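Trainee: Input: one structure, supplied below.
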Amino acid sequence: MSLIDNAILDFYTQSSEDTRLQVGLGPLELERNKALIARHLPDYPCRIADVGGGTGHYARWLSSLGHAVTLIDPVPRHVDLARRKAAHARRTFACVLGEARRLPLPKGAVDVVMLHGPLYHLQDAEDRQRALYEAQRVLRVGGVVLGFAITHAASVLAALQTGMIHDPDVFRMCLQSLANGEHYPPPGMPGVLPRSFFHRPAGLREEFEMAGFTVEEVVAVEGIAWLDQRYFESWAHPEKRQRLLELVRRTEADPDLLALSPHIMLAAGVK
């Protein structure tokens, strides 16, 4: 029996999550996520639950820094690939098949919980709240949760940049996510994320506060750098790349620009 919706399982079985961060906007997302995650880690080896950790990109990096990492993912293929990474890593990490609403960890087991896919793959608000309560349960007092979400404007901005906005099905998809955050992919269009939920920044904050967390910050991941008309050319140029990263750092917390970033990260504490 699948731990998640079959459409999500099929999407990740057919697509290559293992190489996603190496192409397109992936390198920018990876670099920024590492910088944002590192900002909220204690300066001593800690216990981290990487929930929705995929094939282990972040788990391998964090374990190399000396942290004890448990990767939890509901896709068997992801867990298998992550275990291969762990077997060849300088410092290994645990890889467990599981999902965010029922974490296979005891109460207070970790210092940090990272939530990647759960916040957008769980379309129903009740399921997202269950995932947040679970994160709170497994965190020690004083622990930190880092939640990564897709913004409600991400689809329409991407569709405008690629010209896909003029496809009637894509246009309807974009209007839906703008209206209420619910994302439904057009039928028969491969490579598009399955049924999901895309957050408004203020809505993301509200969900964490409802679950009893104290929100520390909500910041952009890719920010507005990807709107560079010649983004890929600029990213390949070291000086221009640093200028783009500086632009993201300087604007990352601007509430008026958050929705222009494909992903945002929320950091919150538990008392």
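Every chain in the structure tokens has a letter given in the order shown (A, B, ...), and although residue numbers restart at 1 in each chain, ligands are simply numbered from 1 in the order shown.
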Can you tell me, as a PyMOL selection string, which residues in stretch 44-232 of chain A count as helix (DSSP H, G or I) by DSSP?
Mentor: chain A and resi 57-64+76-88+118-121+125-138+154-162+164-166+168-180+201-210+225-227+231-232
Trainee: Please provide as a ChimeraX atom specification all residues within 9 Å of A:Thr251, with the sequence filter that same-chain residues fewer than 6 positions apart are discarded (counting only C-alpha atoms).
Mentor: /A:219-220,223-224,257-258
Trainee: Please provide as number ranges by chain all residues within 8 Å of A:Ala259, with the sequence filter that same-chain residues fewer than 6 positions apart are discarded (counting only C-alpha atoms).
Mentor: A: 151-154, 200-201
Trainee: In Å, how far is it from atom CA of A:Gly56 to atom CA of A:Asp73?
Mentor: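 For atom CA of A:Gly56 relative to atom CA of A:Asp73, the distance reads 9.7 Å.
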Trainee: Distance atom CA of A:His67-atom CA of A:Gly212, one decimal place?
Mentor: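 Answer for the atom CA of A:His67 to atom CA of A:Gly212 separation: 26.2 Å.
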Trainee: For each of A:Cys46, A:Ala179, A:Leu193, A:Val138, take the minimum atom-to-atom distance to A:Glu17, counting only C-alpha atoms, then give the residue where this is smallest.
Mentor: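 Going through A:Cys46, A:Ala179, A:Leu193, A:Val138 one by one, the smallest distance to A:Glu17 is for A:Leu193.
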Trainee: Tell me, in Å to one decimal, how far atom CA of A:Val113 is from atom CA of A:Arg47.
Mentor: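 Interatomic distance, atom CA of A:Val113 to atom CA of A:Arg47: 8.8 Å.
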